[in-house]
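**Q** This is work16.txt, which holds compact mmCIF, C-alpha atoms:
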# COMPACT_ATOMS: atom_id res chain seq x y z
CA MET A 1 -37.26 19.66 6.06
CA ALA A 2 -33.45 19.53 5.68
CA VAL A 3 -31.54 22.45 7.10
CA PRO A 4 -28.97 23.80 4.59
CA VAL A 5 -25.39 23.42 5.75
CA PRO A 6 -23.34 26.65 5.56
CA VAL A 7 -20.16 26.59 3.52
CA SER A 8 -18.18 27.19 6.71
CA ALA A 9 -19.11 23.67 7.83
CA TYR A 10 -16.75 22.34 5.17
CA VAL A 11 -14.10 25.05 5.62
CA VAL A 12 -11.31 23.85 7.89
CA ASP A 13 -9.51 27.20 7.74
CA CYS A 14 -9.55 30.38 5.67
CA ALA A 15 -6.79 32.97 6.00
CA VAL A 16 -5.40 36.03 4.29
CA TYR A 17 -1.61 36.32 4.00
CA VAL A 18 0.07 39.62 3.19
CA GLY A 19 3.86 39.81 3.05
CA GLY A 20 4.01 36.29 4.45
CA GLU A 21 2.07 37.27 7.60
CA ARG A 22 -1.41 36.07 8.44
CA LEU A 23 -3.92 38.86 8.93
CA PRO A 24 -5.81 38.64 12.22
CA GLY A 25 -9.48 37.73 12.45
CA ARG A 26 -11.73 35.09 10.96
CA TRP A 27 -12.53 35.36 7.28
CA SER A 28 -15.15 33.92 4.99
CA HIS A 29 -13.83 32.90 1.58
CA ASP A 30 -15.58 35.73 -0.26
CA ALA A 31 -14.55 38.41 2.26
CA ALA A 32 -10.96 37.12 2.20
CA ILE A 33 -10.54 37.40 -1.57
CA GLU A 34 -12.19 40.83 -1.54
CA GLU A 35 -9.65 42.00 1.03
CA VAL A 36 -6.71 40.71 -1.00
CA ARG A 37 -7.91 42.29 -4.22
CA ARG A 38 -8.68 45.54 -2.45
CA ARG A 39 -5.11 45.64 -1.14
CA GLY A 40 -3.62 44.43 -4.42
CA ASP A 41 -1.24 42.30 -2.38
CA GLY A 42 -1.17 38.92 -0.63
CA PHE A 43 -3.22 35.79 -1.20
CA VAL A 44 -5.98 33.65 0.30
CA TRP A 45 -5.66 30.06 1.44
CA VAL A 46 -8.96 28.24 1.86
CA GLY A 47 -8.89 24.68 3.18
CA LEU A 48 -11.93 22.44 2.62
CA TYR A 49 -12.61 18.93 3.87
CA GLU A 50 -14.81 16.60 1.77
CA PRO A 51 -17.32 19.23 0.56
CA ASP A 52 -20.38 18.23 -1.44
CA LEU A 53 -21.04 19.59 -4.91
CA GLU A 54 -23.55 22.24 -3.81
CA HIS A 55 -21.21 23.92 -1.34
CA MET A 56 -18.15 23.45 -3.53
CA GLN A 57 -19.93 25.39 -6.25
CA VAL A 58 -20.37 28.34 -3.86
CA VAL A 59 -16.60 28.47 -3.42
CA ALA A 60 -16.11 27.92 -7.16
CA GLU A 61 -18.22 30.97 -7.99
CA THR A 62 -16.13 33.16 -5.71
CA PHE A 63 -12.80 32.05 -7.21
CA ASP A 64 -14.07 31.39 -10.74
CA LEU A 65 -13.07 27.72 -10.71
CA HIS A 66 -13.72 25.53 -13.74
CA PRO A 67 -16.77 23.22 -13.41
CA LEU A 68 -14.87 20.12 -14.55
CA ALA A 69 -12.19 20.64 -11.92
CA VAL A 70 -14.85 21.31 -9.28
CA GLU A 71 -16.56 18.04 -10.14
CA ASP A 72 -13.26 16.16 -9.85
CA ALA A 73 -12.58 17.78 -6.48
CA VAL A 74 -15.94 16.66 -5.11
CA CYS A 75 -16.02 13.15 -6.54
CA ALA A 76 -12.41 12.32 -5.59
CA HIS A 77 -10.84 8.99 -6.68
CA GLN A 78 -8.76 10.82 -9.26
CA ARG A 79 -5.31 9.98 -10.56
CA PRO A 80 -2.54 12.44 -9.64
CA LYS A 81 -2.50 15.09 -12.35
CA LEU A 82 -1.92 18.74 -13.18
CA GLU A 83 -4.34 20.65 -15.41
CA ARG A 84 -4.64 24.27 -16.45
CA TYR A 85 -8.02 25.98 -16.69
CA ASP A 86 -7.71 29.56 -17.94
CA HIS A 87 -5.65 31.28 -15.21
CA THR A 88 -6.01 28.50 -12.64
CA LEU A 89 -3.95 25.36 -12.07
CA PHE A 90 -5.69 22.28 -10.73
CA MET A 91 -3.51 19.62 -9.12
CA VAL A 92 -4.44 16.26 -7.63
CA LEU A 93 -2.14 14.45 -5.21
CA LYS A 94 -2.80 11.08 -3.63
CA THR A 95 -1.91 10.82 0.03
CA VAL A 96 -0.82 7.56 1.65
CA HIS A 97 -0.86 6.41 5.24
CA TYR A 98 0.90 3.38 6.69
CA VAL A 99 -1.52 1.21 8.68
CA ALA A 100 0.22 -0.13 11.79
CA HIS A 101 0.05 -3.90 12.27
CA GLU A 102 1.76 -6.66 14.19
CA SER A 103 2.91 -8.70 11.21
CA PRO A 104 2.63 -8.39 7.42
CA ALA A 105 1.71 -12.08 7.38
CA THR A 106 -1.55 -11.48 9.28
CA THR A 107 -2.79 -8.05 8.17
CA ASN A 108 -5.24 -7.31 5.37
CA GLU A 109 -4.25 -3.67 4.79
CA ILE A 110 -0.90 -1.90 4.86
CA VAL A 111 -1.51 1.32 2.91
CA GLU A 112 -4.49 3.64 3.25
CA THR A 113 -4.94 6.33 0.61
CA GLY A 114 -6.60 9.73 0.43
CA GLU A 115 -6.45 12.77 -1.83
CA ILE A 116 -5.59 16.45 -1.80
CA MET A 117 -6.79 18.69 -4.62
CA ALA A 118 -5.42 22.19 -5.02
CA PHE A 119 -6.73 25.10 -7.09
CA LEU A 120 -3.90 27.56 -7.62
CA GLY A 121 -4.48 31.13 -8.79
CA THR A 122 -2.39 34.28 -8.73
CA ASP A 123 -3.89 35.42 -5.42
CA PHE A 124 -5.46 32.30 -3.93
CA ILE A 125 -5.07 28.61 -3.28
CA VAL A 126 -8.04 26.39 -2.45
CA THR A 127 -7.25 22.94 -1.06
CA VAL A 128 -9.78 20.12 -0.89
CA ARG A 129 -8.97 17.09 1.22
CA HIS A 130 -10.38 13.56 1.17
CA GLY A 131 -9.30 11.07 3.81
CA SER A 132 -8.84 11.45 7.55
CA HIS A 133 -5.03 11.15 7.43
CA SER A 134 -4.38 13.99 4.95
CA GLY A 135 -4.58 16.91 7.40
CA LEU A 136 -2.80 20.16 6.58
CA HIS A 137 -3.16 21.91 9.95
CA GLU A 138 0.43 21.29 11.04
CA LEU A 139 1.66 22.22 7.59
CA ARG A 140 -0.17 25.55 7.76
CA ARG A 141 1.24 26.28 11.20
CA GLY A 142 4.74 25.45 10.02
CA LEU A 143 4.45 27.78 7.03
CA GLU A 144 3.06 30.56 9.19
CA GLY A 145 6.24 30.25 11.25
CA ARG A 146 8.26 30.91 8.09
CA PRO A 147 6.81 34.12 6.62
CA GLU A 148 9.64 34.39 4.09
CA ARG A 149 8.26 31.26 2.42
CA LEU A 150 4.65 32.45 2.46
CA ALA A 151 5.81 35.74 0.96
CA LEU A 152 6.53 33.79 -2.25
CA GLY A 153 2.79 33.43 -2.79
CA PRO A 154 0.31 30.56 -3.13
CA ALA A 155 2.78 28.50 -5.17
CA ALA A 156 4.86 28.16 -1.99
CA VAL A 157 1.85 26.55 -0.31
CA LEU A 158 1.44 24.13 -3.20
CA HIS A 159 5.12 23.22 -2.93
CA ALA A 160 4.80 22.62 0.82
CA ILE A 161 1.81 20.34 0.22
CA ALA A 162 3.62 18.38 -2.49
CA ASP A 163 6.70 18.12 -0.27
CA GLN A 164 4.67 16.78 2.64
CA VAL A 165 2.93 14.24 0.42
CA VAL A 166 6.20 12.98 -1.07
CA ASP A 167 7.79 12.84 2.40
CA SER A 168 4.89 10.62 3.47
CA TYR A 169 5.70 8.38 0.49
CA LEU A 170 9.26 8.08 1.78
CA ALA A 171 8.05 7.20 5.29
CA VAL A 172 5.62 4.58 3.94
CA THR A 173 8.26 2.98 1.73
CA GLU A 174 10.66 2.79 4.69
CA ALA A 175 8.02 0.97 6.75
CA PHE A 176 7.08 -1.16 3.75
CA GLY A 177 10.71 -2.15 3.32
CA GLN A 178 10.81 -3.44 6.89
CA ASP A 179 7.63 -5.45 6.27
CA ILE A 180 9.14 -7.01 3.16
CA GLU A 181 12.30 -7.94 5.07
CA GLN A 182 10.17 -9.54 7.77
CA MET A 183 8.11 -11.38 5.17
CA GLU A 184 11.29 -12.55 3.45
CA SER A 185 12.71 -13.98 6.69
CA VAL A 186 9.44 -15.77 7.43
CA ILE A 187 9.21 -17.27 3.95
CA PHE A 188 12.68 -18.78 4.14
CA GLU A 189 12.17 -20.00 7.69
CA PRO A 190 11.75 -23.80 7.85
CA ARG A 191 8.16 -24.99 8.17
CA SER A 192 6.78 -21.46 7.92
CA GLU A 193 3.09 -21.12 7.04
CA VAL A 194 3.15 -17.93 4.93
CA GLY A 195 1.35 -18.57 1.67
CA ALA A 196 1.61 -16.90 -1.70
CA GLU A 197 -1.76 -15.20 -1.17
CA GLN A 198 -0.26 -13.02 1.59
CA ILE A 199 2.50 -11.88 -0.74
CA TYR A 200 -0.08 -11.14 -3.41
CA MET A 201 -1.83 -8.95 -0.85
CA MET A 202 1.42 -7.02 -0.35
CA LYS A 203 1.80 -6.70 -4.12
CA ARG A 204 -1.70 -5.23 -4.23
CA GLU A 205 -0.70 -2.69 -1.59
CA ILE A 206 2.46 -1.89 -3.54
CA LEU A 207 0.29 -1.39 -6.63
CA GLU A 208 -1.84 1.06 -4.68
CA LEU A 209 1.30 2.93 -3.63
CA ARG A 210 2.60 2.90 -7.20
CA ASN A 211 -0.71 4.34 -8.44
CA ALA A 212 -0.11 7.27 -6.09
CA VAL A 213 3.57 7.76 -6.93
CA SER A 214 4.08 7.08 -10.63
CA PRO A 215 1.40 9.40 -12.12
CA LEU A 216 2.72 12.27 -9.98
CA VAL A 217 6.13 12.29 -11.68
CA THR A 218 5.00 14.20 -14.78
CA PRO A 219 2.96 16.89 -12.94
CA LEU A 220 5.84 17.63 -10.57
CA ARG A 221 8.28 17.84 -13.44
CA ARG A 222 6.00 20.30 -15.20
CA LEU A 223 5.89 22.44 -12.06
CA ALA A 224 9.67 22.24 -11.71
CA GLU A 225 10.01 23.56 -15.28
CA ALA A 226 7.13 26.08 -15.26
CA ASP A 227 8.16 29.58 -16.31
CA GLY A 228 5.45 31.20 -14.22
CA LEU A 229 6.79 29.71 -10.98
CA LYS A 230 10.42 30.82 -11.18
CA GLN A 231 10.65 31.70 -7.48
CA VAL A 232 9.63 28.22 -6.32
CA ARG A 233 10.97 26.13 -9.21
CA PRO A 234 14.08 24.99 -7.24
CA TYR A 235 11.81 23.76 -4.44
CA PHE A 236 9.70 21.71 -6.86
CA GLN A 237 12.89 20.31 -8.40
CA ASP A 238 13.93 19.08 -4.96
CA VAL A 239 10.55 17.40 -4.45
CA ASP A 240 10.85 15.86 -7.93
CA ASP A 241 14.20 14.32 -6.95
CA HIS A 242 12.65 12.79 -3.83
CA LEU A 243 9.73 11.45 -5.84
CA THR A 244 12.11 9.82 -8.30
CA ALA A 245 13.83 8.04 -5.41
CA VAL A 246 10.47 6.84 -4.10
CA SER A 247 9.42 5.62 -7.55
CA GLU A 248 12.63 3.60 -7.92
CA ARG A 249 12.16 2.09 -4.47
CA VAL A 250 8.56 1.11 -5.20
CA THR A 251 9.65 -0.55 -8.45
CA ALA A 252 12.35 -2.48 -6.55
CA PHE A 253 9.76 -3.60 -3.97
CA ASP A 254 7.48 -4.87 -6.70
CA GLU A 255 10.29 -6.89 -8.28
CA LEU A 256 11.34 -8.27 -4.89
CA LEU A 257 7.78 -9.32 -4.09
CA THR A 258 7.58 -11.09 -7.45
CA SER A 259 10.71 -13.03 -6.47
CA LEU A 260 9.19 -13.83 -3.08
CA VAL A 261 6.02 -15.11 -4.77
CA ASN A 262 8.14 -17.46 -6.89
CA ALA A 263 10.08 -18.56 -3.80
CA ALA A 264 6.87 -19.18 -1.85
CA LEU A 265 5.37 -21.21 -4.70
CA ALA A 266 8.60 -23.22 -5.00
CA LYS A 267 8.57 -23.83 -1.26
CA ILE A 268 4.94 -24.95 -1.36
CA SER A 269 5.73 -27.29 -4.25
CA LEU A 270 8.75 -28.70 -2.41
CA GLN A 271 6.69 -29.19 0.75
CA GLN A 272 4.01 -31.00 -1.20
CA ASN A 273 6.61 -33.27 -2.80
CA THR A 274 8.07 -34.01 0.64
CA ASP A 275 4.64 -34.85 2.02
CA MET A 276 3.89 -37.10 -0.95
CA ARG A 277 7.17 -38.98 -0.44
CA LYS A 278 6.32 -39.55 3.23
CA ILE A 279 2.86 -40.76 2.34
CA SER A 280 4.24 -43.07 -0.35
CA ALA A 281 6.85 -44.46 2.06
CA TRP A 282 4.27 -45.28 4.73
CA VAL A 283 1.98 -46.81 2.11
CA ALA A 284 4.83 -49.06 0.98
CA ILE A 285 5.54 -50.14 4.59
CA ILE A 286 1.87 -50.82 5.34
CA ALA A 287 1.54 -52.80 2.07
CA VAL A 288 3.80 -55.59 3.43
CA PRO A 289 1.56 -56.73 6.32
CA THR A 290 -1.52 -56.06 4.23
CA MET A 291 -0.29 -58.41 1.51
CA VAL A 292 0.92 -61.15 3.88
CA PHE A 293 -2.16 -61.18 6.11
CA GLY A 294 -4.34 -60.92 3.05
CA LEU A 295 -2.81 -64.10 1.68
CA TYR A 296 -3.31 -65.99 4.95
CA GLY A 297 -6.89 -64.83 5.07
CA MET A 298 -7.74 -66.76 1.89
CA ASN A 299 -9.64 -70.05 2.12
CA PHE A 300 -7.04 -72.47 0.62
CA ASP A 301 -6.40 -75.99 1.87
CA PHE A 302 -2.69 -75.83 1.36
CA MET A 303 -1.05 -72.70 2.88
CA PRO A 304 2.68 -72.44 3.65
CA GLU A 305 3.61 -73.44 7.20
CA THR A 306 0.01 -73.51 8.43
CA HIS A 307 0.64 -76.70 10.44
CA TRP A 308 3.98 -75.64 11.91
CA GLN A 309 3.96 -74.89 15.61
CA PHE A 310 5.87 -71.62 15.24
CA SER A 311 4.28 -70.45 12.00
CA TYR A 312 2.28 -67.59 13.58
CA PRO A 313 5.19 -65.90 15.42
CA ALA A 314 7.45 -66.59 12.44
CA VAL A 315 5.12 -64.74 10.05
CA ILE A 316 4.77 -61.86 12.50
CA LEU A 317 8.55 -61.58 12.86
CA LEU A 318 9.00 -61.78 9.09
CA VAL A 319 6.48 -58.98 8.54
CA LEU A 320 8.05 -56.79 11.24
CA ALA A 321 11.52 -57.40 9.80
CA ALA A 322 10.38 -56.45 6.30
CA CYS A 323 8.64 -53.31 7.61
CA PHE A 324 11.69 -52.31 9.61
CA LEU A 325 13.96 -52.88 6.59
CA LEU A 326 11.75 -50.68 4.43
CA TYR A 327 11.67 -48.02 7.17
CA ARG A 328 15.48 -47.95 7.35
CA VAL A 329 15.76 -47.69 3.57
CA PHE A 330 13.27 -44.79 3.36
CA LYS A 331 14.86 -43.08 6.37
CA ARG A 332 18.32 -43.29 4.81
CA ASN A 333 16.97 -41.81 1.57
CA GLN A 334 15.26 -39.04 3.58
CA TRP A 335 11.76 -40.03 2.59
CA LEU A 336 10.84 -40.21 6.30
Step by step, read the file and then write its structure as structure tokens.

**A**
Amino acid sequence: MAVPVPVSAYVVDCAVYVGGERLPGRWSHDAAIEEVRRRGDGFVWVGLYEPDLEHMQVVAETFDLHPLAVEDAVCAHQRPKLERYDHTLFMVLKTVHYVAHESPATTNEIVETGEIMAFLGTDFIVTVRHGSHSGLHELRRGLEGRPERLALGPAAVLHAIADQVVDSYLAVTEAFGQDIEQMESVIFEPRSEVGAEQIYMMKREILELRNAVSPLVTPLRRLAEADGLKQVRPYFQDVDDHLTAVSERVTAFDELLTSLVNAALAKISLQQNTDMRKISAWVAIIAVPTMVFGLYGMNFDFMPETHWQFSYPAVILLVLAACFLLYRVFKRNQWL
């Protein structure tokens, strides 16, 4: 018989903040919201990591979260978005992580993605994380060291999360830019072995990064213009500016990779033409002795110079001279 898992197994942290300060003690999510509403001040921040539907519904009942948003938070694999359900905002952000590797020409993965969902109410914020790289522990500690920011309410937490996510986009694009420069130098290096399929792999990774960045532009702009978030609107506007810069950089990367694909295909085509010219040149050289010795191998009574004492060395010298002449001609024309 399966033992039911308590909700706390999925709760990374649950805290009550009043006046920007964290109240001491450990809190369950229901006790925390009761304390806030009893005081009439402060808010609750509950952090969950990959909860299942059953235990997410327990939290949803406490904070009166909409069932559709709860289902999205559990299933994950959502596009970045911002939705309003009654008095609650539901926001999805895609997180990205740069996968370290020795060379972009040998790796199969550059960008790893995850998700952070946030339910924002007047006196609570519930965050749901998917992906091992999307931790918020350091973010929470940093905010707790700045009580003046936490005093602005749960919207300040949402801003900090969005800011951290967009900063990670900037870091990933910086690393991606270095990979593209390295790939570019390898492609234009003589006799390099980087194929177009490796660049297509990088374009696929760029597409994954674009799917995280581009859909987030509209939700952030809505937050930056929201009337109900006047105290934190300037902060969201700053994040929106950073996101715009990232979006432009990702678009530039995609265009550059398209150019590199064309360059790689042109290089492959040129290499194939060069190889075909070499093969054709050697075939032409080998055709001379093949033709001459083929003629002398025929069973005719009258063959040229067959009864001359020096006929054999003369034919050999003639064939070698013709082959050497052809070799010099092809070498001068850069076919060999």

**Q** Which residues come within 8 Å of segment 111-119 of chain A, counting all atoms listed in the file, excluding same-chain residues fewer than 6 positions away, as a ChimeraX atom specification?

**A** /A:65,73,76-77,88-99,125-134,158,172,205,208-209

**Q** Of the residues A:His137, A:Arg84, A:Arg328, A:Lys230, which is the one nearest to Cys14 of chain A, using all atoms listed in the file?

**A**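 Ranked by minimum distance to Cys14 of chain A, first place goes to A:His137.
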
**Q** Let me make sure I understand: among A:Trp335, A:Phe293, A:Tyr10, A:Phe236, which one has the smallest atom-to-atom distance to Ala156 of chain A if we use all atoms listed in the file?

**A**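 So, comparing all the options, the nearest one is A:Phe236.
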
**Q** Just want the 10 Å neighbourhood of Asp64 of chain A, counted on all atoms listed in the file, with same-chain residues fewer than 6 positions away dropped. Output as a PDB file with C-alpha atoms, keeping the file's coordinate frame.

**A**
ATOM      1  CA  GLN A  57     -19.930  25.390  -6.250  1.00  0.00           C
ATOM      2  CA  VAL A  58     -20.370  28.340  -3.860  1.00  0.00           C
ATOM      3  CA  ASP A  86      -7.710  29.560 -17.940  1.00  0.00           C
ATOM      4  CA  HIS A  87      -5.650  31.280 -15.210  1.00  0.00           C
ATOM      5  CA  THR A  88      -6.010  28.500 -12.640  1.00  0.00           C
ATOM      6  CA  GLY A 121      -4.480  31.130  -8.790  1.00  0.00           C
TER       7      GLY A 121
END

**Q** Quick one, how far is atom CA of Val12 of chain A from atom CA of Val46 of chain A?

**A** 7.8 Å

**Q** Within 10 Å of Tyr169 of chain A, counting only C-alpha atoms, which residues show up once you throw out same-chain ones fewer than 2 positions away? Write them as a VMD selection string, please.

**A** chain A and resid 94 to 98 163 to 167 171 to 175 209 to 210 212 to 213 242 to 243 246 to 247 250

**Q** Would you fill the gaps in segment 119-130 of chain A so it has all heavy atoms, then print it as a compact mmCIF listing (two decimals), keeping the file's coordinate frame?

**A**
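Result file out14.txt:
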# COMPACT_ATOMS: atom_id res chain seq x y z
N PHE A 119 -6.47 24.11 -6.05
CA PHE A 119 -6.73 25.10 -7.09
C PHE A 119 -5.78 26.26 -6.84
O PHE A 119 -5.85 26.90 -5.79
CB PHE A 119 -8.17 25.59 -7.04
CG PHE A 119 -9.20 24.53 -7.30
CD1 PHE A 119 -9.70 23.74 -6.27
CD2 PHE A 119 -9.70 24.32 -8.58
CE1 PHE A 119 -10.65 22.77 -6.50
CE2 PHE A 119 -10.66 23.35 -8.83
CZ PHE A 119 -11.13 22.56 -7.79
N LEU A 120 -4.92 26.53 -7.80
CA LEU A 120 -3.90 27.56 -7.62
C LEU A 120 -4.16 28.72 -8.58
O LEU A 120 -4.19 28.54 -9.80
CB LEU A 120 -2.50 26.98 -7.88
CG LEU A 120 -1.32 27.93 -7.69
CD1 LEU A 120 -1.14 28.25 -6.22
CD2 LEU A 120 -0.05 27.32 -8.27
N GLY A 121 -4.36 29.91 -8.01
CA GLY A 121 -4.48 31.13 -8.79
C GLY A 121 -3.39 32.12 -8.43
O GLY A 121 -2.53 31.83 -7.59
N THR A 122 -3.43 33.28 -9.02
CA THR A 122 -2.39 34.28 -8.73
C THR A 122 -2.50 34.82 -7.32
O THR A 122 -1.49 35.22 -6.73
CB THR A 122 -2.49 35.44 -9.73
OG1 THR A 122 -3.82 35.99 -9.68
CG2 THR A 122 -2.18 34.97 -11.15
N ASP A 123 -3.72 34.86 -6.76
CA ASP A 123 -3.89 35.42 -5.42
C ASP A 123 -4.69 34.51 -4.50
O ASP A 123 -5.28 34.97 -3.52
CB ASP A 123 -4.56 36.80 -5.50
CG ASP A 123 -5.87 36.76 -6.28
OD1 ASP A 123 -6.30 35.66 -6.68
OD2 ASP A 123 -6.46 37.84 -6.50
N PHE A 124 -4.74 33.23 -4.81
CA PHE A 124 -5.46 32.30 -3.93
C PHE A 124 -4.98 30.88 -4.16
O PHE A 124 -4.41 30.56 -5.21
CB PHE A 124 -6.97 32.37 -4.15
CG PHE A 124 -7.42 31.83 -5.49
CD1 PHE A 124 -7.68 30.47 -5.68
CD2 PHE A 124 -7.57 32.68 -6.58
CE1 PHE A 124 -8.08 29.97 -6.89
CE2 PHE A 124 -7.97 32.19 -7.82
CZ PHE A 124 -8.23 30.83 -7.98
N ILE A 125 -5.21 30.06 -3.15
CA ILE A 125 -5.07 28.61 -3.28
C ILE A 125 -6.20 27.98 -2.47
O ILE A 125 -6.42 28.35 -1.31
CB ILE A 125 -3.69 28.09 -2.82
CG1 ILE A 125 -3.63 26.56 -2.98
CG2 ILE A 125 -3.36 28.50 -1.39
CD1 ILE A 125 -2.23 25.98 -2.83
N VAL A 126 -6.94 27.10 -3.10
CA VAL A 126 -8.04 26.39 -2.45
C VAL A 126 -7.66 24.92 -2.41
O VAL A 126 -7.40 24.30 -3.44
CB VAL A 126 -9.36 26.57 -3.22
CG1 VAL A 126 -10.48 25.77 -2.56
CG2 VAL A 126 -9.74 28.04 -3.30
N THR A 127 -7.59 24.36 -1.21
CA THR A 127 -7.25 22.94 -1.06
C THR A 127 -8.47 22.16 -0.62
O THR A 127 -9.23 22.60 0.24
CB THR A 127 -6.12 22.75 -0.04
OG1 THR A 127 -6.48 23.36 1.21
CG2 THR A 127 -4.83 23.40 -0.54
N VAL A 128 -8.66 21.01 -1.21
CA VAL A 128 -9.78 20.12 -0.89
C VAL A 128 -9.19 18.77 -0.49
O VAL A 128 -8.46 18.15 -1.28
CB VAL A 128 -10.73 19.96 -2.09
CG1 VAL A 128 -11.90 19.05 -1.72
CG2 VAL A 128 -11.24 21.31 -2.56
N ARG A 129 -9.52 18.35 0.71
CA ARG A 129 -8.97 17.09 1.22
C ARG A 129 -10.02 16.00 1.28
O ARG A 129 -11.19 16.25 1.58
CB ARG A 129 -8.40 17.28 2.63
CG ARG A 129 -7.26 18.25 2.72
CD ARG A 129 -6.59 18.16 4.07
NE ARG A 129 -7.46 18.53 5.19
CZ ARG A 129 -7.98 17.69 6.05
NH1 ARG A 129 -7.75 16.39 5.96
NH2 ARG A 129 -8.75 18.12 7.03
N HIS A 130 -9.57 14.76 1.00
CA HIS A 130 -10.38 13.56 1.17
C HIS A 130 -9.53 12.54 1.91
O HIS A 130 -8.41 12.25 1.51
CB HIS A 130 -10.83 12.99 -0.18
CG HIS A 130 -11.79 13.87 -0.93
ND1 HIS A 130 -13.15 13.77 -0.78
CD2 HIS A 130 -11.56 14.88 -1.81
CE1 HIS A 130 -13.73 14.67 -1.57
NE2 HIS A 130 -12.80 15.36 -2.19
